[in-house]
Amino acid sequence: MANGRILVVDDEESLCEILQFNLESEGYEVTTANSAEEALRLDIKSFDLILLDVMMGEMSGTRMASLLKADPETAHVPIIFCTARDREDDRVSGLDLGADDYIAKPFSVRELVARVKSVLRRTRPADEEGEERIAYEGLCIDCRRKVCTLDGEQVQLTKKELEILMLLLSNRGRIFSREQILHRVWSDKVIVLDRTIDVNITRLRRKIGRYGDKIVTRQGYGYGFEA
């Protein structure tokens, strides 16, 4: 059985072939696409992770990521951006879109495989613990399907927003520092600014309606969900 299904999206065919060979050697099932348009014709929700180039032809990787994160069917699929654009603003923008990691070209295949393993380990924490559902009144998270509902209606959350909510909701009354949230939700190798966490919290509060006020800020300490 494969370790997971990975979609590689890059307009460099030779790089796709190299990544496919090395990832398949690690036990993953790999599909490649040479454009965002080609990738979007696939069953995206069936993949466990996407390696996505930023600078491509008609549609950029960031545009594709925005579309995926806006669709509740694909918002849960983790994304690692692989790109030659490595300015701080580029990294922050990618992470704000909900990307799980950001690796700059040229990169070693060994490092990329390690990043893939790290992200995949963090995508199924609830499944590993056997937890299937986290709920508070009308707010519910189906941990296996990675879906959040509010009074039975699906809420469109990015993967990072969902993981933050899962962390806070399953630990009601506990305050997590920004450093603790970073450690639980983002890769240790990813540079994340404090404002990235704050932006995700602000969007999360807005999206969960009347329960947004339940996500509290303790000045100087961090965030928590208080019933």
# chains A, B, ... in the order shown; residues from 1 in each chain; ligands from 1
>>> residues_around(residues="Val216 in chain A", least_positions_apart="3", cutoff="9 Å", atoms="only C-alpha atoms", output="MDAnalysis selection string")
chainID A and resid 175 212:213 222:226
>>> write_last_selection(atoms="C-alpha atoms", output="compact mmCIF listing (two decimals), in the first residue's frame")
# COMPACT_ATOMS: atom_id res chain seq x y z
CA ILE A 175 -4.28 29.07 26.19
CA GLY A 212 -15.82 33.63 16.84
CA ASP A 213 -15.94 35.37 20.22
CA GLY A 222 -1.72 33.65 23.26
CA TYR A 223 -5.03 32.21 22.07
CA GLY A 224 -7.61 29.76 23.35
CA PHE A 225 -11.20 28.58 22.93
CA GLU A 226 -13.31 29.32 26.02
>>> closest_atom_pairs(of="range 31-75 of chain A", to="range 9-25 of chain A", cutoff="8 Å", atoms="only C-alpha atoms", output="JSON lines")
{"residue": "A:Thr31", "atom": "CA", "partner": "A:Gln20", "partner_atom": "CA", "distance": 7.4}
{"residue": "A:Thr32", "atom": "CA", "partner": "A:Val9", "partner_atom": "CA", "distance": 5.9}
{"residue": "A:Ala33", "atom": "CA", "partner": "A:Val9", "partner_atom": "CA", "distance": 4.8}
{"residue": "A:Asn34", "atom": "CA", "partner": "A:Asp11", "partner_atom": "CA", "distance": 4.3}
{"residue": "A:Ser35", "atom": "CA", "partner": "A:Asp11", "partner_atom": "CA", "distance": 5.7}
{"residue": "A:Ala36", "atom": "CA", "partner": "A:Val9", "partner_atom": "CA", "distance": 6.8}
{"residue": "A:Ala39", "atom": "CA", "partner": "A:Val9", "partner_atom": "CA", "distance": 6.8}
{"residue": "A:Ile50", "atom": "CA", "partner": "A:Val9", "partner_atom": "CA", "distance": 7.4}
{"residue": "A:Leu51", "atom": "CA", "partner": "A:Val9", "partner_atom": "CA", "distance": 6.1}
{"residue": "A:Leu52", "atom": "CA", "partner": "A:Val9", "partner_atom": "CA", "distance": 4.9}
{"residue": "A:Asp53", "atom": "CA", "partner": "A:Asp10", "partner_atom": "CA", "distance": 5.1}
{"residue": "A:Met56", "atom": "CA", "partner": "A:Asp11", "partner_atom": "CA", "distance": 6.1}
{"residue": "A:Gly57", "atom": "CA", "partner": "A:Asp11", "partner_atom": "CA", "distance": 7.8}
>>> write_last_selection(atoms="N, CA, C and O atoms", output="mmCIF file, in the first residue's frame")
data_model
loop_
_atom_site.group_PDB
_atom_site.id
_atom_site.type_symbol
_atom_site.label_atom_id
_atom_site.label_comp_id
_atom_site.auth_asym_id
_atom_site.auth_seq_id
_atom_site.Cartn_x
_atom_site.Cartn_y
_atom_site.Cartn_z
ATOM 1 N N THR A 31 1.471 11.418 -9.157
ATOM 2 C CA THR A 31 0.920 11.870 -10.433
ATOM 3 C C THR A 31 1.529 13.227 -10.733
ATOM 4 O O THR A 31 1.722 14.047 -9.826
ATOM 5 N N THR A 32 1.853 13.488 -12.004
ATOM 6 C CA THR A 32 2.445 14.775 -12.372
ATOM 7 C C THR A 32 1.538 15.539 -13.335
ATOM 8 O O THR A 32 0.757 14.944 -14.085
ATOM 9 N N ALA A 33 1.658 16.854 -13.295
ATOM 10 C CA ALA A 33 0.950 17.736 -14.230
ATOM 11 C C ALA A 33 1.885 18.892 -14.548
ATOM 12 O O ALA A 33 2.599 19.379 -13.667
ATOM 13 N N ASN A 34 1.879 19.335 -15.795
ATOM 14 C CA ASN A 34 2.796 20.386 -16.219
ATOM 15 C C ASN A 34 2.170 21.771 -16.274
ATOM 16 O O ASN A 34 2.769 22.716 -16.790
ATOM 17 N N SER A 35 0.965 21.899 -15.757
ATOM 18 C CA SER A 35 0.315 23.207 -15.653
ATOM 19 C C SER A 35 -0.784 23.130 -14.608
ATOM 20 O O SER A 35 -1.272 22.035 -14.278
ATOM 21 N N ALA A 36 -1.171 24.285 -14.106
ATOM 22 C CA ALA A 36 -2.274 24.330 -13.148
ATOM 23 C C ALA A 36 -3.565 23.864 -13.802
ATOM 24 O O ALA A 36 -4.371 23.160 -13.183
ATOM 25 N N ALA A 39 -3.647 20.163 -13.910
ATOM 26 C CA ALA A 39 -3.850 19.621 -12.560
ATOM 27 C C ALA A 39 -5.302 19.732 -12.119
ATOM 28 O O ALA A 39 -5.842 18.811 -11.496
ATOM 29 N N ILE A 50 0.054 18.148 -2.315
ATOM 30 C CA ILE A 50 0.384 18.718 -3.624
ATOM 31 C C ILE A 50 1.713 19.463 -3.522
ATOM 32 O O ILE A 50 1.899 20.295 -2.626
ATOM 33 N N LEU A 51 2.645 19.141 -4.417
ATOM 34 C CA LEU A 51 3.869 19.921 -4.596
ATOM 35 C C LEU A 51 3.609 20.858 -5.762
ATOM 36 O O LEU A 51 3.399 20.412 -6.890
ATOM 37 N N LEU A 52 3.622 22.164 -5.497
ATOM 38 C CA LEU A 52 3.104 23.126 -6.471
ATOM 39 C C LEU A 52 4.110 24.223 -6.790
ATOM 40 O O LEU A 52 4.565 24.961 -5.904
ATOM 41 N N ASP A 53 4.451 24.333 -8.064
ATOM 42 C CA ASP A 53 5.317 25.424 -8.525
ATOM 43 C C ASP A 53 4.510 26.721 -8.534
ATOM 44 O O ASP A 53 3.305 26.719 -8.791
ATOM 45 N N MET A 56 4.161 29.521 -13.282
ATOM 46 C CA MET A 56 3.878 28.668 -14.434
ATOM 47 C C MET A 56 3.262 29.519 -15.532
ATOM 48 O O MET A 56 3.375 30.740 -15.515
ATOM 49 N N GLY A 57 2.591 28.910 -16.495
ATOM 50 C CA GLY A 57 2.097 29.619 -17.673
ATOM 51 C C GLY A 57 0.886 30.491 -17.435
ATOM 52 O O GLY A 57 0.942 31.525 -16.770
#
>>> residues_around(residues="Lys45 in chain A", least_positions_apart="4", cutoff="7 Å", atoms="only C-alpha atoms", output="CSV table (one decimal) with N, CA and C atoms, in the first residue's frame")
chain,number,residue,atom,x,y,z
A,73,GLU,N,-14.3,21.1,-1.0
A,73,GLU,CA,-13.9,19.7,-1.4
A,73,GLU,C,-12.4,19.5,-1.4
A,74,THR,N,-11.6,20.6,-1.6
A,74,THR,CA,-10.2,20.5,-1.7
A,74,THR,C,-9.4,21.3,-0.7
A,77,VAL,N,-6.5,19.7,1.4
A,77,VAL,CA,-5.4,19.0,0.8
A,77,VAL,C,-4.1,19.9,1.1
>>> select_by_dssp(residues="range 100-199 of chain A", states="alpha helix (DSSP H)", output="ChimeraX atom specification")
/A:109-122,125-129,159-169,178-185,194-199
>>> atom_distance(atom1="CA of Ile215 in chain A", atom2="CA of Leu169 in chain A")
9.0 Å
>>> closest_residue(among="A:Leu7, A:Val109, A:Cys148, A:Ala114", to="Ala75 in chain A", atoms="only C-alpha atoms")
A:Cys148
>>> select_by_dssp(residues="range 150-215 of chain A", states="strand (DSSP E or B)", output="PyMOL selection string")
chain A and resi 150+153-155+176+215
>>> decode(residues="range 16-30 of chain A", atoms="all heavy atoms", output="PDB file, in the first residue's frame")
ATOM      1  N   CYS A  16       9.682  17.217 -12.843  1.00  0.00           N
ATOM      2  CA  CYS A  16       8.568  16.326 -12.490  1.00  0.00           C
ATOM      3  C   CYS A  16       9.004  14.871 -12.503  1.00  0.00           C
ATOM      4  O   CYS A  16       8.659  14.094 -11.597  1.00  0.00           O
ATOM      5  CB  CYS A  16       7.396  16.526 -13.454  1.00  0.00           C
ATOM      6  SG  CYS A  16       6.461  18.042 -13.198  1.00  0.00           S
ATOM      7  N   GLU A  17       9.783  14.508 -13.517  1.00  0.00           N
ATOM      8  CA  GLU A  17      10.249  13.126 -13.630  1.00  0.00           C
ATOM      9  C   GLU A  17      11.179  12.756 -12.482  1.00  0.00           C
ATOM     10  O   GLU A  17      11.098  11.659 -11.923  1.00  0.00           O
ATOM     11  CB  GLU A  17      10.961  12.927 -14.969  1.00  0.00           C
ATOM     12  CG  GLU A  17      10.024  13.000 -16.173  1.00  0.00           C
ATOM     13  CD  GLU A  17      10.777  12.972 -17.494  1.00  0.00           C
ATOM     14  OE1 GLU A  17      12.039  12.904 -17.453  1.00  0.00           O
ATOM     15  OE2 GLU A  17      10.132  13.018 -18.550  1.00  0.00           O
ATOM     16  N   ILE A  18      12.066  13.696 -12.113  1.00  0.00           N
ATOM     17  CA  ILE A  18      13.009  13.445 -11.013  1.00  0.00           C
ATOM     18  C   ILE A  18      12.253  13.267  -9.699  1.00  0.00           C
ATOM     19  O   ILE A  18      12.504  12.337  -8.926  1.00  0.00           O
ATOM     20  CB  ILE A  18      14.024  14.603 -10.895  1.00  0.00           C
ATOM     21  CG1 ILE A  18      14.966  14.597 -12.103  1.00  0.00           C
ATOM     22  CG2 ILE A  18      14.817  14.503  -9.596  1.00  0.00           C
ATOM     23  CD1 ILE A  18      15.846  15.826 -12.205  1.00  0.00           C
ATOM     24  N   LEU A  19      11.303  14.167  -9.451  1.00  0.00           N
ATOM     25  CA  LEU A  19      10.540  14.091  -8.204  1.00  0.00           C
ATOM     26  C   LEU A  19       9.676  12.836  -8.164  1.00  0.00           C
ATOM     27  O   LEU A  19       9.562  12.182  -7.124  1.00  0.00           O
ATOM     28  CB  LEU A  19       9.677  15.348  -8.045  1.00  0.00           C
ATOM     29  CG  LEU A  19      10.436  16.664  -7.849  1.00  0.00           C
ATOM     30  CD1 LEU A  19       9.459  17.824  -7.704  1.00  0.00           C
ATOM     31  CD2 LEU A  19      11.339  16.589  -6.628  1.00  0.00           C
ATOM     32  N   GLN A  20       9.085  12.497  -9.299  1.00  0.00           N
ATOM     33  CA  GLN A  20       8.257  11.292  -9.347  1.00  0.00           C
ATOM     34  C   GLN A  20       9.087  10.056  -9.031  1.00  0.00           C
ATOM     35  O   GLN A  20       8.680   9.208  -8.218  1.00  0.00           O
ATOM     36  CB  GLN A  20       7.599  11.149 -10.717  1.00  0.00           C
ATOM     37  CG  GLN A  20       6.679   9.936 -10.814  1.00  0.00           C
ATOM     38  CD  GLN A  20       5.902   9.902 -12.123  1.00  0.00           C
ATOM     39  OE1 GLN A  20       6.272  10.548 -13.094  1.00  0.00           O
ATOM     40  NE2 GLN A  20       4.805   9.164 -12.145  1.00  0.00           N
ATOM     41  N   PHE A  21      10.252   9.952  -9.647  1.00  0.00           N
ATOM     42  CA  PHE A  21      11.124   8.787  -9.417  1.00  0.00           C
ATOM     43  C   PHE A  21      11.509   8.666  -7.944  1.00  0.00           C
ATOM     44  O   PHE A  21      11.413   7.593  -7.335  1.00  0.00           O
ATOM     45  CB  PHE A  21      12.383   8.884 -10.281  1.00  0.00           C
ATOM     46  CG  PHE A  21      13.399   7.806  -9.997  1.00  0.00           C
ATOM     47  CD1 PHE A  21      13.258   6.536 -10.538  1.00  0.00           C
ATOM     48  CD2 PHE A  21      14.491   8.056  -9.166  1.00  0.00           C
ATOM     49  CE1 PHE A  21      14.182   5.538 -10.260  1.00  0.00           C
ATOM     50  CE2 PHE A  21      15.409   7.060  -8.884  1.00  0.00           C
ATOM     51  CZ  PHE A  21      15.258   5.804  -9.431  1.00  0.00           C
ATOM     52  N   ASN A  22      11.945   9.785  -7.355  1.00  0.00           N
ATOM     53  CA  ASN A  22      12.429   9.743  -5.974  1.00  0.00           C
ATOM     54  C   ASN A  22      11.303   9.531  -4.967  1.00  0.00           C
ATOM     55  O   ASN A  22      11.476   8.815  -3.971  1.00  0.00           O
ATOM     56  CB  ASN A  22      13.192  11.028  -5.653  1.00  0.00           C
ATOM     57  CG  ASN A  22      14.581  11.042  -6.262  1.00  0.00           C
ATOM     58  OD1 ASN A  22      15.529  10.511  -5.697  1.00  0.00           O
ATOM     59  ND2 ASN A  22      14.705  11.637  -7.445  1.00  0.00           N
ATOM     60  N   LEU A  23      10.158  10.141  -5.205  1.00  0.00           N
ATOM     61  CA  LEU A  23       9.036   9.967  -4.279  1.00  0.00           C
ATOM     62  C   LEU A  23       8.454   8.559  -4.374  1.00  0.00           C
ATOM     63  O   LEU A  23       8.062   7.967  -3.362  1.00  0.00           O
ATOM     64  CB  LEU A  23       7.960  11.019  -4.555  1.00  0.00           C
ATOM     65  CG  LEU A  23       8.331  12.445  -4.138  1.00  0.00           C
ATOM     66  CD1 LEU A  23       7.344  13.450  -4.719  1.00  0.00           C
ATOM     67  CD2 LEU A  23       8.377  12.569  -2.620  1.00  0.00           C
ATOM     68  N   GLU A  24       8.407   8.019  -5.592  1.00  0.00           N
ATOM     69  CA  GLU A  24       7.931   6.640  -5.742  1.00  0.00           C
ATOM     70  C   GLU A  24       8.903   5.663  -5.084  1.00  0.00           C
ATOM     71  O   GLU A  24       8.479   4.621  -4.557  1.00  0.00           O
ATOM     72  CB  GLU A  24       7.734   6.313  -7.214  1.00  0.00           C
ATOM     73  CG  GLU A  24       6.498   6.998  -7.809  1.00  0.00           C
ATOM     74  CD  GLU A  24       6.271   6.682  -9.278  1.00  0.00           C
ATOM     75  OE1 GLU A  24       7.210   6.177  -9.940  1.00  0.00           O
ATOM     76  OE2 GLU A  24       5.155   6.939  -9.759  1.00  0.00           O
ATOM     77  N   SER A  25      10.194   6.003  -5.084  1.00  0.00           N
ATOM     78  CA  SER A  25      11.180   5.160  -4.406  1.00  0.00           C
ATOM     79  C   SER A  25      10.957   5.135  -2.904  1.00  0.00           C
ATOM     80  O   SER A  25      11.355   4.188  -2.215  1.00  0.00           O
ATOM     81  CB  SER A  25      12.600   5.666  -4.696  1.00  0.00           C
ATOM     82  OG  SER A  25      12.895   5.590  -6.079  1.00  0.00           O
ATOM     83  N   GLU A  26      10.292   6.195  -2.387  1.00  0.00           N
ATOM     84  CA  GLU A  26       9.971   6.282  -0.959  1.00  0.00           C
ATOM     85  C   GLU A  26       8.613   5.654  -0.636  1.00  0.00           C
ATOM     86  O   GLU A  26       8.161   5.686   0.508  1.00  0.00           O
ATOM     87  CB  GLU A  26       9.968   7.740  -0.506  1.00  0.00           C
ATOM     88  CG  GLU A  26      11.318   8.421  -0.561  1.00  0.00           C
ATOM     89  CD  GLU A  26      12.266   7.919   0.525  1.00  0.00           C
ATOM     90  OE1 GLU A  26      11.766   7.511   1.587  1.00  0.00           O
ATOM     91  OE2 GLU A  26      13.488   7.933   0.302  1.00  0.00           O
ATOM     92  N   GLY A  27       7.950   5.120  -1.655  1.00  0.00           N
ATOM     93  CA  GLY A  27       6.696   4.420  -1.420  1.00  0.00           C
ATOM     94  C   GLY A  27       5.447   5.227  -1.674  1.00  0.00           C
ATOM     95  O   GLY A  27       4.341   4.783  -1.342  1.00  0.00           O
ATOM     96  N   TYR A  28       5.572   6.418  -2.279  1.00  0.00           N
ATOM     97  CA  TYR A  28       4.398   7.242  -2.567  1.00  0.00           C
ATOM     98  C   TYR A  28       3.868   6.953  -3.966  1.00  0.00           C
ATOM     99  O   TYR A  28       4.618   6.572  -4.875  1.00  0.00           O
ATOM    100  CB  TYR A  28       4.746   8.737  -2.459  1.00  0.00           C
ATOM    101  CG  TYR A  28       5.216   9.141  -1.091  1.00  0.00           C
ATOM    102  CD1 TYR A  28       6.572   9.369  -0.832  1.00  0.00           C
ATOM    103  CD2 TYR A  28       4.317   9.298  -0.043  1.00  0.00           C
ATOM    104  CE1 TYR A  28       7.011   9.724   0.426  1.00  0.00           C
ATOM    105  CE2 TYR A  28       4.747   9.656   1.223  1.00  0.00           C
ATOM    106  CZ  TYR A  28       6.101   9.872   1.452  1.00  0.00           C
ATOM    107  OH  TYR A  28       6.524  10.214   2.706  1.00  0.00           O
ATOM    108  N   GLU A  29       2.585   7.154  -4.143  1.00  0.00           N
ATOM    109  CA  GLU A  29       1.966   7.088  -5.467  1.00  0.00           C
ATOM    110  C   GLU A  29       1.964   8.501  -6.029  1.00  0.00           C
ATOM    111  O   GLU A  29       1.410   9.415  -5.405  1.00  0.00           O
ATOM    112  CB  GLU A  29       0.539   6.562  -5.355  1.00  0.00           C
ATOM    113  CG  GLU A  29      -0.189   6.453  -6.693  1.00  0.00           C
ATOM    114  CD  GLU A  29      -1.623   5.981  -6.518  1.00  0.00           C
ATOM    115  OE1 GLU A  29      -1.926   5.327  -5.499  1.00  0.00           O
ATOM    116  OE2 GLU A  29      -2.435   6.282  -7.407  1.00  0.00           O
ATOM    117  N   VAL A  30       2.586   8.725  -7.177  1.00  0.00           N
ATOM    118  CA  VAL A  30       2.824  10.080  -7.678  1.00  0.00           C
ATOM    119  C   VAL A  30       2.171  10.291  -9.040  1.00  0.00           C
ATOM    120  O   VAL A  30       2.307   9.470  -9.949  1.00  0.00           O
ATOM    121  CB  VAL A  30       4.335  10.384  -7.791  1.00  0.00           C
ATOM    122  CG1 VAL A  30       4.559  11.813  -8.287  1.00  0.00           C
ATOM    123  CG2 VAL A  30       5.017  10.180  -6.443  1.00  0.00           C
TER     124      VAL A  30
END
